[in-house]
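Participant: Please see the structure below; I have some questions.
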Amino acid sequence: MFENSKWISYSLEKDSSVKTSLPSPYIAKTFSLKEKPSKATLNICGYGEGAYYINGSVIPDSFRPTIPSLISKTVIYNSYDITEMLKNGKNRIGIILGNYRCYKECSMLPEPMTQKLILQLDIGYADGTNYTLVSDGSFKAFESPLLFSATTFGEIYDARKEIPDWCDPEFDDSKWLPVSEVSAPEGKFRKSDCPGVIKYDENKGVEILPGLFDFCNTTSGYVRIKISGKCGSRIKLDYSERLTPDGMHVDMSTYLKEEKPYPDMYNSAEFILNGENDKVFETLFALYGYRYVEVTGEYDSIELTAVTVHTDIIEDSSFISDNKILNGIHRNCVRSIKTCCQGYWVDNPKRDAPWLGDEMLSAEAIAIGFDSFEVSYENMMMAADLQNEYGTVPSILYSGKWAYDKFIGPEWTDGVLFHVPYYTYKYTGNRKIVDDMWDSMNLALDNFHRLGDGGYLLNQKGTGDWNPIKYGCSLEIVMTVYYRISALMMSELADATGRDSTRYSELAEKIKSEFRKKYIVDGEYKAEHISEYITAAYAGFLNEKETESAVKKIVEMVKADGMSITFGTHGNRMFYDLLSEHGYQQFVFDVLTNDEKLGFAQQVKDGMTTLAERYAYATQAIMSLNHHYLSHVDTWFYKWIAGIKINGFGYDNVLIEPSFVEGIDKVKANLHGIRVEYDKKQIKIDSPYPFALKLKNFEKHCNAGKYEFSLTA
């Protein structure tokens, strides 16, 4: 692919009134076809971001199409069937290039570069002949109205510079200038099969104060505005998840205090009016995380509509009960996973940084809730592309910043290489992600041994139990826990795929043995904090008696903290399963529904519609109110309340064992087609797979089909 194509670019002088850099060009070419083609495929990469048009119309499914990558390693391109968009005679292809993160000042990208594109259009005719159009110096360019664009920083758009018919086949571009052929990046091309970013839904804003709009839900995307005003009027939109304490303005102080090259354009957009009445503006490339938008500038009338934008992942499972708090927690988990999915799972939409540790923590919730194989597979291919010779991957998926010197270890960045393939295979039965990641997983596992200086206790360069309210966790304990979990996952995956698991099972036992030598003293586990008990018991470091003691200790400590979650993300990841496996489903439910203390229930009580980055979101204002990495709680509803447990990989061994707790009388759940519904009197099951049903004093093996069982007998 692209053997005869050239990378092309067109550089524009920045507008001194904008005080930013890298305005966007129109790039286009008119070409003729002898007849309407029987097949036309466009392969294209517009880097850092692109908008693609044929004969004046946007190519379907090409909104924010570019998947950013470290292009010294990999260039990811998209393929589109545009057969129906072409016609006999003149046609015109057009591109607007944006910046994404490809600007010199941004600390996230290690490779400063200019906007550039490459394309190949393959045309097939009914008579068997072919025609190929490639990008080269024959394309022409002109300045577009987009004066500035850069992911979460925003966009500046001058409607006075619009050329409405710029991509019309009859457009006269004789005054346009030729593009430049530029050097190719070193990375290898790879076609993306990841679902595209889509405009998911819309809702009108409520003007709660003059120029201040509330969209009632925290979301990702942008607002479309319909506006009338004088030509030359400059309108600015500031996006935020919060209001200032007085409720009068959006709170722009809530953004992380990282270095920003354009501090006046951060989660903002500016539109310069051309005097047209009811002029509609939509950002081309910018992504925002927000609930509120504040409009400043002079205008006669304005209407705002929120457009939610995320990757086209399908919500393939569902859960609902007669408990409003559980329903609210589930809704917030689903909404955060969806709105944080932007070709990969971002740290939060207002920041747009795909921390791999976050995806690791959410891996099972994503695999249970969504038809997400393609996007998870794409993420793992990108991670494998970036893996260094030791086995380490960058903390941020497409970046070299913080790549190999911080947050490294199985409990954060590198653990994603095991968790995503493991849970994706478990809930899809598709082993391709395991087979294609096998070498990368082995390389990472070997690297953990290197980080331990040849031993099995890890304590270097990790994060520990991230984000605790009160109790943290020893770095050595949590790193070593995830080291063992990684080995155990490899052992299970090896058995499931016909590989020899001996190496991995033996490694898991060596890790356990060394852990016990240090931390089990006189038959007692020497730990201090809740997460140290949770993680060690979950990873199987403790014997049966020690585990029972640890679980009781966890319960006592949580009760002492007022039935609240005071531990960090890794304790949160394992708490629900560990306690439920030991019969404490009611206790877990009581903790989750406690809306008087910090936790998920309090967020639901406060009207939140997504998961906060921290439980103490009200006092730690710089943190996001839309973050997916605590979403593992959603798996508890499926596995323990509905009781749908998938043993092994795929659906050969399905167990349905619901937990009946006080506070829930009715449940209706669907996990990838396995449907469970119950009330106090009966349970209904509709499964496309054979399953075992386990109730109190009752066990039955059933073929695929629909069943009803009494719960009162």
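Starting from 1 in every chain, residues are counted up; chains themselves are A, B, ... following the order of the structure tokens, and ligands are numbered from 1 as listed.
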Any idea what's packed within 8 Å of segment 27-31 of chain A, counting only C-alpha atoms, ignoring anything in its chain fewer than 4 positions away? Could you give it as a PyMOL selection string?

Facilitator: chain A and resi 10+90-97+138-142+167+169+179

Participant: Restricting it to C-alpha atoms, dump the selection as a compact mmCIF listing (two decimals), in the first residue's frame.

Facilitator:
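Final file, out_30.txt:
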# COMPACT_ATOMS: atom_id res chain seq x y z
CA TYR A 10 1.06 22.73 2.87
CA LYS A 90 -15.26 15.09 -12.94
CA ASN A 91 -14.81 14.30 -9.26
CA ARG A 92 -12.97 16.14 -6.50
CA ILE A 93 -11.35 14.85 -3.34
CA GLY A 94 -10.73 17.28 -0.51
CA ILE A 95 -9.00 17.22 2.86
CA ILE A 96 -8.76 19.67 5.74
CA LEU A 97 -5.79 18.91 7.94
CA SER A 138 -0.23 17.73 -8.24
CA PHE A 139 -2.62 18.38 -5.32
CA LYS A 140 -3.37 22.03 -4.58
CA ALA A 141 -3.96 23.93 -1.36
CA PHE A 142 -5.39 27.13 0.06
CA CYS A 167 -14.67 20.66 -2.93
CA PRO A 169 -15.91 19.14 -9.02
CA VAL A 179 1.43 21.31 -2.09

Participant: Using only C-alpha atoms, I'd like a table of the residues in segment 369-474 of chain A that come within 7 Å of segment 556-570 of chain A; for each, show the closest atom pair and its distance in Å rounded to one decimal, ordered by chain and ascending number, as a tab-separated table.

Facilitator:
residue	atom	partner	partner_atom	distance
A:Asp465	CA	A:Gly568	CA	5.2
A:Trp466	CA	A:Gly568	CA	5.3
A:Asn467	CA	A:Gly568	CA	5.0
A:Pro468	CA	A:Gly568	CA	3.7
A:Ile469	CA	A:Thr566	CA	4.8
A:Lys470	CA	A:Thr566	CA	5.1
A:Tyr471	CA	A:Phe567	CA	5.0
A:Gly472	CA	A:Phe567	CA	6.2

Participant: Take the selection from the previous step and output its residues with C-alpha atoms, as a PDB file, in the first residue's frame.

Facilitator:
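Result saved to selection35.pdb:
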ATOM      1  CA  ASP A 465      -2.209   1.690  45.132  1.00  0.00           C
ATOM      2  CA  TRP A 466      -3.067   4.787  43.135  1.00  0.00           C
ATOM      3  CA  ASN A 467      -5.378   7.461  44.481  1.00  0.00           C
ATOM      4  CA  PRO A 468      -6.295   6.281  47.988  1.00  0.00           C
ATOM      5  CA  ILE A 469      -8.484   8.439  50.229  1.00  0.00           C
ATOM      6  CA  LYS A 470      -6.946   7.191  53.456  1.00  0.00           C
ATOM      7  CA  TYR A 471      -5.093   3.916  53.031  1.00  0.00           C
ATOM      8  CA  GLY A 472      -2.366   3.257  50.519  1.00  0.00           C
TER       9      GLY A 472
END

Participant: What lies within 9 Å of Asn217 of chain A using only C-alpha atoms, ignoring chain neighbours under 4 positions off, as a list in words?

Facilitator: Tyr290, Arg291, Tyr292, Met608, Thr609 and Thr610 of chain A

Participant: Only all heavy atoms, please: the residues just picked out, written as a short mmCIF file (atom, residue, chain, number, x, y, z; two decimals), in the first residue's frame.

Facilitator:
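Contents of the output file out_1.cif:
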data_model
loop_
_atom_site.label_atom_id
_atom_site.label_comp_id
_atom_site.auth_asym_id
_atom_site.auth_seq_id
_atom_site.Cartn_x
_atom_site.Cartn_y
_atom_site.Cartn_z
N TYR A 290 -17.08 17.89 29.29
CA TYR A 290 -17.82 19.03 29.83
C TYR A 290 -19.23 18.66 30.26
O TYR A 290 -19.77 17.63 29.88
CB TYR A 290 -17.91 20.15 28.78
CG TYR A 290 -18.78 19.80 27.59
CD1 TYR A 290 -20.09 20.27 27.50
CD2 TYR A 290 -18.32 18.98 26.56
CE1 TYR A 290 -20.90 19.94 26.42
CE2 TYR A 290 -19.11 18.66 25.47
CZ TYR A 290 -20.41 19.13 25.42
OH TYR A 290 -21.21 18.79 24.36
N ARG A 291 -19.81 19.53 31.05
CA ARG A 291 -21.25 19.56 31.27
C ARG A 291 -21.78 20.96 31.00
O ARG A 291 -22.92 21.12 30.57
CB ARG A 291 -21.59 19.16 32.71
CG ARG A 291 -23.05 19.39 33.06
CD ARG A 291 -23.44 18.90 34.44
NE ARG A 291 -24.79 19.36 34.77
CZ ARG A 291 -25.49 18.96 35.82
NH1 ARG A 291 -24.96 18.09 36.67
NH2 ARG A 291 -26.70 19.44 36.04
N TYR A 292 -20.91 21.96 31.25
CA TYR A 292 -21.31 23.36 31.12
C TYR A 292 -20.50 24.05 30.03
O TYR A 292 -19.34 23.71 29.78
CB TYR A 292 -21.08 24.11 32.44
CG TYR A 292 -21.77 23.49 33.62
CD1 TYR A 292 -21.09 22.61 34.47
CD2 TYR A 292 -23.11 23.77 33.89
CE1 TYR A 292 -21.72 22.03 35.57
CE2 TYR A 292 -23.75 23.20 34.98
CZ TYR A 292 -23.05 22.33 35.82
OH TYR A 292 -23.69 21.76 36.89
N MET A 608 -24.48 12.96 39.79
CA MET A 608 -23.44 12.76 38.79
C MET A 608 -23.89 11.73 37.76
O MET A 608 -24.62 10.80 38.08
CB MET A 608 -22.14 12.33 39.45
CG MET A 608 -21.65 13.37 40.39
SD MET A 608 -19.90 13.70 40.44
CE MET A 608 -19.10 12.78 39.25
N THR A 609 -23.46 11.91 36.52
CA THR A 609 -23.84 11.00 35.44
C THR A 609 -22.66 10.23 34.86
O THR A 609 -22.81 9.46 33.93
CB THR A 609 -24.54 11.77 34.31
OG1 THR A 609 -23.65 12.77 33.80
CG2 THR A 609 -25.80 12.44 34.83
N THR A 610 -21.47 10.46 35.43
CA THR A 610 -20.27 9.70 35.06
C THR A 610 -19.49 9.43 36.35
O THR A 610 -19.82 9.96 37.42
CB THR A 610 -19.38 10.49 34.08
OG1 THR A 610 -19.21 11.83 34.56
CG2 THR A 610 -19.98 10.53 32.69
#

Participant: Here is a test: counting only C-alpha atoms, which residue of A:Phe541, A:Leu361, A:Ser376, A:Lys666 is nearest to Gly571 of chain A?

Facilitator: A:Leu361

Participant: From segment 404-559 of chain A, collect each residue whose DSSP state is strand (DSSP E) and return the set as a CSV table (one decimal) with all heavy atoms, in the first residue's frame.

Facilitator:
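The resulting file, states-v9.csv, is shown below:
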chain,number,residue,atom,x,y,z
A,520,ILE,N,5.0,-13.4,55.6
A,520,ILE,CA,4.3,-14.3,56.5
A,520,ILE,C,5.3,-14.6,57.7
A,520,ILE,O,6.2,-15.3,57.4
A,520,ILE,CB,3.8,-15.6,55.9
A,520,ILE,CG1,2.9,-15.3,54.6
A,520,ILE,CG2,3.0,-16.4,56.9
A,520,ILE,CD1,1.7,-14.5,54.9
A,521,VAL,N,5.0,-14.0,58.8
A,521,VAL,CA,5.9,-14.2,60.0
A,521,VAL,C,5.2,-14.9,61.1
A,521,VAL,O,4.1,-14.4,61.6
A,521,VAL,CB,6.4,-12.8,60.4
A,521,VAL,CG1,7.4,-13.0,61.6
A,521,VAL,CG2,7.1,-12.1,59.2
A,524,GLU,N,1.5,-15.4,60.5
A,524,GLU,CA,0.7,-14.2,60.4
A,524,GLU,C,1.2,-13.3,59.3
A,524,GLU,O,2.4,-13.1,59.1
A,524,GLU,CB,0.7,-13.5,61.7
A,524,GLU,CG,-0.3,-12.3,61.7
A,524,GLU,CD,-0.3,-11.5,63.0
A,524,GLU,OE1,0.4,-12.0,64.0
A,524,GLU,OE2,-0.9,-10.5,63.1
A,525,TYR,N,0.2,-12.8,58.5
A,525,TYR,CA,0.5,-11.9,57.4
A,525,TYR,C,0.8,-10.5,57.9
A,525,TYR,O,-0.1,-9.9,58.6
A,525,TYR,CB,-0.6,-11.9,56.4
A,525,TYR,CG,-0.5,-10.9,55.3
A,525,TYR,CD1,0.7,-10.7,54.6
A,525,TYR,CD2,-1.6,-10.2,54.8
A,525,TYR,CE1,0.8,-9.7,53.6
A,525,TYR,CE2,-1.6,-9.2,53.8
A,525,TYR,CZ,-0.3,-9.0,53.2
A,525,TYR,OH,-0.2,-8.1,52.2

Participant: When distances are computed from only C-alpha atoms, which of A:Leu443, A:Ser183, A:Gly357, A:Ser362 shows the smallest separation from Thr424 of chain A?

Facilitator: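 Result for the nearest residue to Thr424 of chain A: A:Ser362.
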
Participant: Env of Pro164 of chain A: 12 Å cut, atoms = only C-alpha atoms, seq-sep filter 2 positions within chain, self excluded. Answer as number ranges by chain.

Facilitator: A: 26, 55-57, 144-145, 159-162, 166-168, 171

Participant: May I ask which of the residues A:Phe448, A:Tyr456, A:Tyr427, A:Tyr377 is the closest one to Asp414 of chain A, counting only C-alpha atoms?

Facilitator: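 For Asp414 of chain A, the nearest of the given residues is A:Phe448.
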
Participant: Env of Lys526 of chain A: 12 Å cut, atoms = only C-alpha atoms, seq-sep filter 3 positions within chain, self excluded. Answer as a ChimeraX atom specification.

Facilitator: /A:474,477,515-523,529-530,532-533,536,542,546,549-550

Participant: Let's have the selection written as a short mmCIF file (atom, residue, chain, number, x, y, z; two decimals), in the first residue's frame, with N, CA, C and O atoms.

Facilitator:
data_model
loop_
_atom_site.label_atom_id
_atom_site.label_comp_id
_atom_site.auth_asym_id
_atom_site.auth_seq_id
_atom_site.Cartn_x
_atom_site.Cartn_y
_atom_site.Cartn_z
N SER A 474 1.67 -0.82 50.17
CA SER A 474 3.10 -0.96 49.91
C SER A 474 3.36 -1.17 48.42
O SER A 474 2.70 -1.98 47.77
N ILE A 477 4.28 -4.76 47.67
CA ILE A 477 3.17 -5.70 47.72
C ILE A 477 2.34 -5.62 46.44
O ILE A 477 2.06 -6.64 45.80
N PHE A 515 7.27 -14.15 48.29
CA PHE A 515 6.41 -13.22 49.01
C PHE A 515 6.16 -13.73 50.42
O PHE A 515 6.25 -12.98 51.41
N ARG A 516 5.84 -15.00 50.54
CA ARG A 516 5.52 -15.56 51.85
C ARG A 516 6.74 -15.57 52.78
O ARG A 516 6.61 -15.37 54.00
N LYS A 517 7.92 -15.78 52.25
CA LYS A 517 9.13 -15.76 53.08
C LYS A 517 9.30 -14.41 53.77
O LYS A 517 9.77 -14.35 54.91
N LYS A 518 8.89 -13.35 53.08
CA LYS A 518 9.09 -12.02 53.66
C LYS A 518 7.90 -11.55 54.49
O LYS A 518 8.08 -10.92 55.54
N TYR A 519 6.69 -11.87 54.03
CA TYR A 519 5.52 -11.23 54.63
C TYR A 519 4.70 -12.13 55.57
O TYR A 519 3.84 -11.63 56.29
N ILE A 520 4.95 -13.42 55.58
CA ILE A 520 4.27 -14.29 56.53
C ILE A 520 5.26 -14.61 57.65
O ILE A 520 6.24 -15.33 57.45
N VAL A 521 4.99 -14.05 58.81
CA VAL A 521 5.91 -14.19 59.95
C VAL A 521 5.16 -14.87 61.10
O VAL A 521 4.12 -14.37 61.56
N ASP A 522 5.69 -16.01 61.54
CA ASP A 522 5.06 -16.77 62.63
C ASP A 522 3.59 -17.06 62.32
O ASP A 522 2.71 -16.95 63.19
N GLY A 523 3.33 -17.41 61.05
CA GLY A 523 1.99 -17.78 60.64
C GLY A 523 1.03 -16.62 60.48
O GLY A 523 -0.18 -16.84 60.29
N HIS A 529 -2.44 -1.89 55.81
CA HIS A 529 -3.56 -1.19 55.19
C HIS A 529 -4.54 -2.15 54.52
O HIS A 529 -4.20 -3.30 54.22
N ILE A 530 -5.74 -1.65 54.26
CA ILE A 530 -6.79 -2.49 53.69
C ILE A 530 -6.36 -3.10 52.37
O ILE A 530 -6.53 -4.29 52.12
N GLU A 532 -3.50 -3.80 51.28
CA GLU A 532 -2.47 -4.83 51.42
C GLU A 532 -3.10 -6.19 51.74
O GLU A 532 -2.61 -7.23 51.31
N TYR A 533 -4.19 -6.17 52.49
CA TYR A 533 -4.93 -7.41 52.74
C TYR A 533 -5.70 -7.85 51.50
O TYR A 533 -5.70 -9.02 51.13
N ALA A 536 -3.19 -9.07 48.46
CA ALA A 536 -2.47 -10.32 48.74
C ALA A 536 -3.42 -11.51 48.76
O ALA A 536 -3.10 -12.59 48.24
N LEU A 542 -1.98 -16.03 50.25
CA LEU A 542 -2.30 -16.49 51.60
C LEU A 542 -2.96 -17.86 51.54
O LEU A 542 -3.68 -18.17 50.59
N GLU A 546 -5.31 -18.01 56.47
CA GLU A 546 -4.83 -16.62 56.40
C GLU A 546 -5.78 -15.75 55.59
O GLU A 546 -6.01 -14.58 55.91
N SER A 549 -8.82 -14.91 57.63
CA SER A 549 -8.46 -13.88 58.60
C SER A 549 -8.34 -12.51 57.92
O SER A 549 -8.79 -11.49 58.46
N ALA A 550 -7.75 -12.49 56.71
CA ALA A 550 -7.58 -11.24 55.98
C ALA A 550 -8.93 -10.65 55.60
O ALA A 550 -9.14 -9.43 55.71
#

Participant: Which of segment 419-487 of chain A end up as helix (DSSP H, G or I) when DSSP is run on this backbone - answer as a PyMOL selection string?

Facilitator: chain A and resi 419-428+432-451+475-487

Participant: Hey, which bits of segment 232-339 of chain A sit within 9 Å of segment 184-199 of chain A, and for each residue what's the closest pair of atoms and how far apart in Å (one decimal), counting only C-alpha atoms, rows by chain and increasing number, as a tab-separated table?

Facilitator:
residue	atom	partner	partner_atom	distance
A:Val307	CA	A:Lys199	CA	6.4
A:Thr308	CA	A:Lys199	CA	5.9
A:Val309	CA	A:Lys199	CA	4.6
A:His310	CA	A:Val197	CA	5.2
A:Thr311	CA	A:Val197	CA	4.0
A:Asp312	CA	A:Pro195	CA	5.5
A:Ile313	CA	A:Pro195	CA	7.0

Participant: In Å, with one decimal, what is the gap from atom CA of Leu177 of chain A to atom CA of Leu147 of chain A?

Facilitator: 18.1 Å

Participant: Identify which of the residues A:Gln120, A:Asn572, A:Asn653, A:Asn543 lies closest to Tyr615 of chain A, counting only C-alpha atoms when measuring atom-to-atom distances.

Facilitator: A:Asn572

Participant: Hey, what's within 10 Å of Met441 of chain A if we count only C-alpha atoms and toss same-chain stuff fewer than 4 positions away? As a VMD selection string, please?

Facilitator: chain A and resid 384 391 414 to 418 421 434 436 to 437 445 to 447 486 to 487 490

Participant: Taking into account only C-alpha atoms, which residue in the set A:Ile644, A:Ile76, A:Trp7, A:Gln586 is nearest to Gly343 of chain A?

Facilitator: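 Closest to Gly343 of chain A, using only C-alpha atoms: A:Ile76.
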
Participant: Mind checking which residues fall within 12 Å of Cys340 of chain A, counting only C-alpha atoms, ignoring those fewer than 5 positions away in the same chain, and posting them as a PyMOL selection string?

Facilitator: chain A and resi 197+218-221+287-290+308-313+332-335+345-355+358-359+362+366+610-611+613+624-629+631

Participant: What's the separation between atom CA of Leu304 of chain A and atom CA of Ala618 of chain A, in Å to one decimal place?

Facilitator: 27.3 Å
